[in-house]
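Q: Dropping a structure here in structure tokens format, bear with me for questions.
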Amino acid sequence: MKHTLCFTLTAVISLLLIVAGTVLFGLPLLREIPSLSGMYVRAVVLSVEETADGTSGNTDTVFRALLKSGPDKGTTVTARQNADKSISYETKAVAKNDTVILSSPEESGLDGWYFVEYVRSDYLIVLAVVFFAALLLFGRMKGLKSALSLLYTVAAIFLVFIPAVLTGQSIYLWTAILGVFITAMTLLLVNGWTELTLSSVLGCLSGISLSAVLIVISEAILHMSGYVDESSIYLSFLVPDMKGILYAAIIIGAIGAIMDVAVNIAAALHELALKTEQPTFSSLLASGFTIGRDILGTMTNTLILAYVGGSMCSVLLVLYYNASSPLQLFNRELIVSEVLQILIGSLALLLTIPASAAISALLFSRPSFQLKKRAEAAEETRDDFTDELNSMSGGSDETL
């Protein structure tokens, strides 16, 4: 009953907070952004009429398509796919039954219908449905809670955090708010309000706080500007504080791994405290350090692979053009920012281990926790004894 109430309250409060943040930041931002909904429409290719090689390596493909959205829905139109190899890389030529996006000549100001992109979101939706179905099938109630926490996390980032940053709010403040929200919401939804949840939340927030301090110090020492690639330059017209963006990227990227470490240590020490007759702070702390050392290597690899994989194209390009000059290579801001993310994230994991172990050992060695453990054990014994008496009583009645 207590877990159900905690789950319901957490789900409702989290939803209200996300809705409030969306109203405050998401909707005003949406009103400021020019609407492009009428410029692009969905269409299905009916037939390819002509494919020709144009000048300067261009390839023109003329095709017939049936519009599936927009004011002219149901109309068959003639469209053109123009692949200019001098400014873009080769795109697969359209074929019959392909679902594509076309630009409307009325909205775009062009002289006809033009191919813009393939529709890829349909497959992503199917893949997402399969993922959530598998999560519910194998996780059951835990899977439902995990799915809900994932949806809330995505909503908090895209409906609240990003609009807040784009509307000029403090990146540092809202990164902290996002970290606290994701940590508390996820653990309360999945585990309910217990000593385990409290120790996990405190351990995770300790790791995030330590990493935040390290990032601020490192940015000052390394003279980081935050302009690591072309996207940073374009984004600076909307968000002047690019160092804040780098700070937020490192924190958000490390939250998941930090949470995993904190939960693993807290869960292991909680189970150990339940199975041990008289657990002490020192014994639990030593066990926490041992467990932390065992999981540190794989979690560090997780961070390294995630950060490098997320910016693989930029890293490969910089490595190729600067490989002959190690001095230039290892001082480029793009490379420094990637290494900084890896080192700060790994240090955050390393610092989360003693913090989580100390907090968990302190909570699980308290006399109040031991009393609660004995009371729950006595209650469980009493229930088992009652069930046994009821079964014996039922058996006597049948004999008579």
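The way I read the labels, and the way they are meant: chains A, B, ... in the order of the structure tokens, residue 1 as the first residue of every chain, and ligand 1 as the first ligand shown, with later ones counted on from there.
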May I have all residues of range 164-198 of chain A that DSSP, computed from the backbone, assigns to alpha helix (DSSP H), given as a PyMOL selection string?

A: chain A and resi 164-166+171-191+195-198

Q: Need the shell around range 350-362 of chain A: protein/DNA/RNA residues with any atom at most 8 Å away, counting only C-alpha atoms. Skip same-chain ones fewer than 5 positions apart. Format as a ChimeraX atom specification?

A: /A:196,199-200,202-204,206-207,210,258,261-262,265-266,269-270,280-282,284-285,288-289,292,296

Q: Generate a file of the selected residues that holds N, CA and C atoms, formatted as a tab-separated table (two decimals), in the first residue's frame.

A:
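Once everything was written out, this is selection13.tsv:
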chain	number	residue	atom	x	y	z
A	196	LEU	N	16.60	2.53	1.07
A	196	LEU	CA	17.37	2.26	-0.14
A	196	LEU	C	17.26	3.43	-1.13
A	199	SER	N	19.22	6.54	0.28
A	199	SER	CA	20.68	6.42	0.13
A	199	SER	C	21.09	6.53	-1.33
A	200	SER	N	20.28	5.97	-2.24
A	200	SER	CA	20.60	6.06	-3.67
A	200	SER	C	20.54	7.50	-4.17
A	202	LEU	N	20.78	10.32	-2.39
A	202	LEU	CA	21.86	11.13	-1.79
A	202	LEU	C	23.21	10.79	-2.41
A	203	GLY	N	23.46	9.52	-2.67
A	203	GLY	CA	24.72	9.13	-3.30
A	203	GLY	C	24.84	9.68	-4.71
A	204	CYS	N	23.74	9.61	-5.47
A	204	CYS	CA	23.75	10.12	-6.83
A	204	CYS	C	23.95	11.63	-6.86
A	206	SER	N	25.38	13.43	-4.65
A	206	SER	CA	26.76	13.72	-4.23
A	206	SER	C	27.71	13.63	-5.42
A	207	GLY	N	27.56	12.57	-6.22
A	207	GLY	CA	28.40	12.42	-7.40
A	207	GLY	C	28.19	13.53	-8.41
A	210	LEU	N	29.79	16.81	-7.06
A	210	LEU	CA	31.24	16.79	-7.17
A	210	LEU	C	31.69	16.99	-8.62
A	258	ILE	N	26.22	7.67	-13.13
A	258	ILE	CA	26.32	7.98	-11.70
A	258	ILE	C	25.17	7.33	-10.94
A	261	VAL	N	25.78	3.55	-10.53
A	261	VAL	CA	26.76	3.24	-9.49
A	261	VAL	C	26.15	3.42	-8.11
A	262	ALA	N	25.45	4.53	-7.90
A	262	ALA	CA	24.86	4.81	-6.58
A	262	ALA	C	23.83	3.75	-6.21
A	265	ILE	N	25.52	0.20	-5.44
A	265	ILE	CA	26.17	0.15	-4.12
A	265	ILE	C	25.13	0.17	-3.01
A	266	ALA	N	24.15	1.06	-3.12
A	266	ALA	CA	23.12	1.14	-2.08
A	266	ALA	C	22.32	-0.15	-1.98
A	269	LEU	N	24.53	-2.93	-0.31
A	269	LEU	CA	24.70	-2.73	1.13
A	269	LEU	C	23.38	-2.89	1.88
A	270	HIS	N	22.28	-2.54	1.24
A	270	HIS	CA	20.97	-2.74	1.87
A	270	HIS	C	20.69	-4.21	2.08
A	280	THR	N	27.80	-3.12	11.12
A	280	THR	CA	28.40	-1.90	11.63
A	280	THR	C	28.75	-0.96	10.47
A	281	PHE	N	28.96	0.31	10.81
A	281	PHE	CA	29.29	1.29	9.79
A	281	PHE	C	30.58	0.91	9.07
A	282	SER	N	31.59	0.51	9.81
A	282	SER	CA	32.89	0.20	9.20
A	282	SER	C	32.81	-1.01	8.29
A	284	LEU	N	30.12	-2.20	6.67
A	284	LEU	CA	29.35	-1.85	5.48
A	284	LEU	C	30.15	-0.94	4.56
A	285	LEU	N	30.89	0.00	5.14
A	285	LEU	CA	31.70	0.90	4.33
A	285	LEU	C	32.77	0.13	3.56
A	288	GLY	N	31.17	-1.66	0.75
A	288	GLY	CA	30.82	-0.73	-0.31
A	288	GLY	C	32.01	-0.40	-1.19
A	289	PHE	N	33.18	-0.21	-0.61
A	289	PHE	CA	34.38	0.05	-1.38
A	289	PHE	C	34.73	-1.15	-2.27
A	292	GLY	N	32.29	-1.27	-5.11
A	292	GLY	CA	32.55	-0.17	-6.03
A	292	GLY	C	33.73	-0.43	-6.94
A	296	LEU	N	33.51	-0.37	-11.12
A	296	LEU	CA	34.05	0.89	-11.65
A	296	LEU	C	34.55	0.74	-13.08

Q: For Gly297 in chain A, which residue out of A:Ser35, A:Ser149, A:Ser325, A:Ser346 is the nearest one, using only C-alpha atoms?

A: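 Using only C-alpha atoms, the shortest distance to Gly297 in chain A belongs to A:Ser346.
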
Q: I'd like the neighbourhood of range 68-80 of chain A as a PyMOL selection string, where a residue qualifies if any of its atoms comes within 7 Å (using only C-alpha atoms), though same-chain residues fewer than 4 positions away should be ignored.

A: chain A and resi 38+41-43+60-64+112-115

Q: Could you jot down the CA of Ser337 in chain A to CA of Val308 in chain A separation for me, Å, one decimal place?

A: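 Distance reported for this atom pair: 10.9 Å.
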
Q: Taking 4 positions as the minimum chain separation for residues in the same chain, which residues sit within 9 Å of range 218-225 of chain A when counting only C-alpha atoms? Answer as a list in words.

A: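 Selected residues are Val213, Leu214, Asp241, Met242, Lys243, Leu246, Tyr247, Glu333, Val336, Ser337, Leu340 and Ile344 of chain A.
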
Q: Measuring atom to atom with only C-alpha atoms, identify which of A:Gly256, A:Arg31, A:Ile182, A:Asp229 is nearest to Ser311 in chain A.

A: A:Asp229

Q: Enter the distance from CA of Ala164 in chain A to CA of Ala20 in chain A, in Å, rounded to one decimal.

A: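 Distance reported for this atom pair: 11.9 Å.
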
Q: Where does range 148-253 of chain A meet range 313-317 of chain A within 12 Å, residue by residue, with the nearest atom pair and distance in Å to one decimal for each, counting only C-alpha atoms, listed by chain and rising number, as a Markdown table?

A:
| residue | atom | partner | partner_atom | distance |
| --- | --- | --- | --- | --- |
| A:Val228 | CA | A:Ser314 | CA | 9.6 |
| A:Asp229 | CA | A:Ser314 | CA | 7.9 |
| A:Glu230 | CA | A:Ser314 | CA | 10.0 |
| A:Ser231 | CA | A:Ser314 | CA | 11.0 |

Q: Convert the current residue selection to file output with N, CA and C atoms, as a PDB file, in the first residue's frame.

A:
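That gives us result.pdb:
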ATOM      1  N   VAL A 228      33.107  24.253 -29.747  1.00  0.00           N
ATOM      2  CA  VAL A 228      33.840  23.038 -30.102  1.00  0.00           C
ATOM      3  C   VAL A 228      33.621  22.606 -31.549  1.00  0.00           C
ATOM      4  N   ASP A 229      32.543  23.053 -32.189  1.00  0.00           N
ATOM      5  CA  ASP A 229      32.284  22.685 -33.578  1.00  0.00           C
ATOM      6  C   ASP A 229      31.376  23.727 -34.224  1.00  0.00           C
ATOM      7  N   GLU A 230      30.947  23.455 -35.463  1.00  0.00           N
ATOM      8  CA  GLU A 230      30.110  24.416 -36.181  1.00  0.00           C
ATOM      9  C   GLU A 230      28.756  24.607 -35.498  1.00  0.00           C
ATOM     10  N   SER A 231      28.209  23.543 -34.915  1.00  0.00           N
ATOM     11  CA  SER A 231      26.924  23.662 -34.234  1.00  0.00           C
ATOM     12  C   SER A 231      27.005  24.666 -33.090  1.00  0.00           C
TER      13      SER A 231
END

Q: Do a neighbour search on Ser121 in chain A at 12 Å with only C-alpha atoms, toss out local chain neighbours closer than 6 positions, and write the hits as number ranges by chain.

A: A: 42, 99-101, 127-128

Q: Would you save the residues from that selection as a PDB file, in the first residue's frame, using N, CA and C atoms?

A:
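New file selection-v7.pdb:
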ATOM      1  N   ARG A  42       3.779  15.046 -46.401  1.00  0.00           N
ATOM      2  CA  ARG A  42       4.129  13.639 -46.614  1.00  0.00           C
ATOM      3  C   ARG A  42       3.559  13.181 -47.956  1.00  0.00           C
ATOM      4  N   THR A  99       8.131   6.467 -49.051  1.00  0.00           N
ATOM      5  CA  THR A  99       7.418   7.549 -48.362  1.00  0.00           C
ATOM      6  C   THR A  99       8.407   8.686 -48.135  1.00  0.00           C
ATOM      7  N   VAL A 100       8.078   9.854 -48.676  1.00  0.00           N
ATOM      8  CA  VAL A 100       9.019  10.966 -48.685  1.00  0.00           C
ATOM      9  C   VAL A 100       8.353  12.231 -48.152  1.00  0.00           C
ATOM     10  N   ILE A 101       9.192  13.260 -47.941  1.00  0.00           N
ATOM     11  CA  ILE A 101       8.718  14.589 -47.559  1.00  0.00           C
ATOM     12  C   ILE A 101       8.970  15.523 -48.725  1.00  0.00           C
ATOM     13  N   LEU A 127       9.915   0.876 -33.692  1.00  0.00           N
ATOM     14  CA  LEU A 127      10.997   0.391 -32.845  1.00  0.00           C
ATOM     15  C   LEU A 127      10.766   0.778 -31.387  1.00  0.00           C
ATOM     16  N   ALA A 128      10.260   1.988 -31.155  1.00  0.00           N
ATOM     17  CA  ALA A 128       9.968   2.429 -29.793  1.00  0.00           C
ATOM     18  C   ALA A 128       8.853   1.591 -29.178  1.00  0.00           C
TER      19      ALA A 128
END

Q: Between CA of Ser211 in chain A and CA of Gly244 in chain A, what distance in Å does the model show, to one decimal?

A: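 Separating CA of Ser211 in chain A from CA of Gly244 in chain A is a distance of 14.0 Å.
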
Q: Go through A:Ala348, A:Leu102, A:Cys6, A:Leu205 and flag the residue nearest Thr300 in chain A, using only C-alpha atoms for the distances.

A: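 Selected residue with least distance to Thr300 in chain A: A:Ala348.
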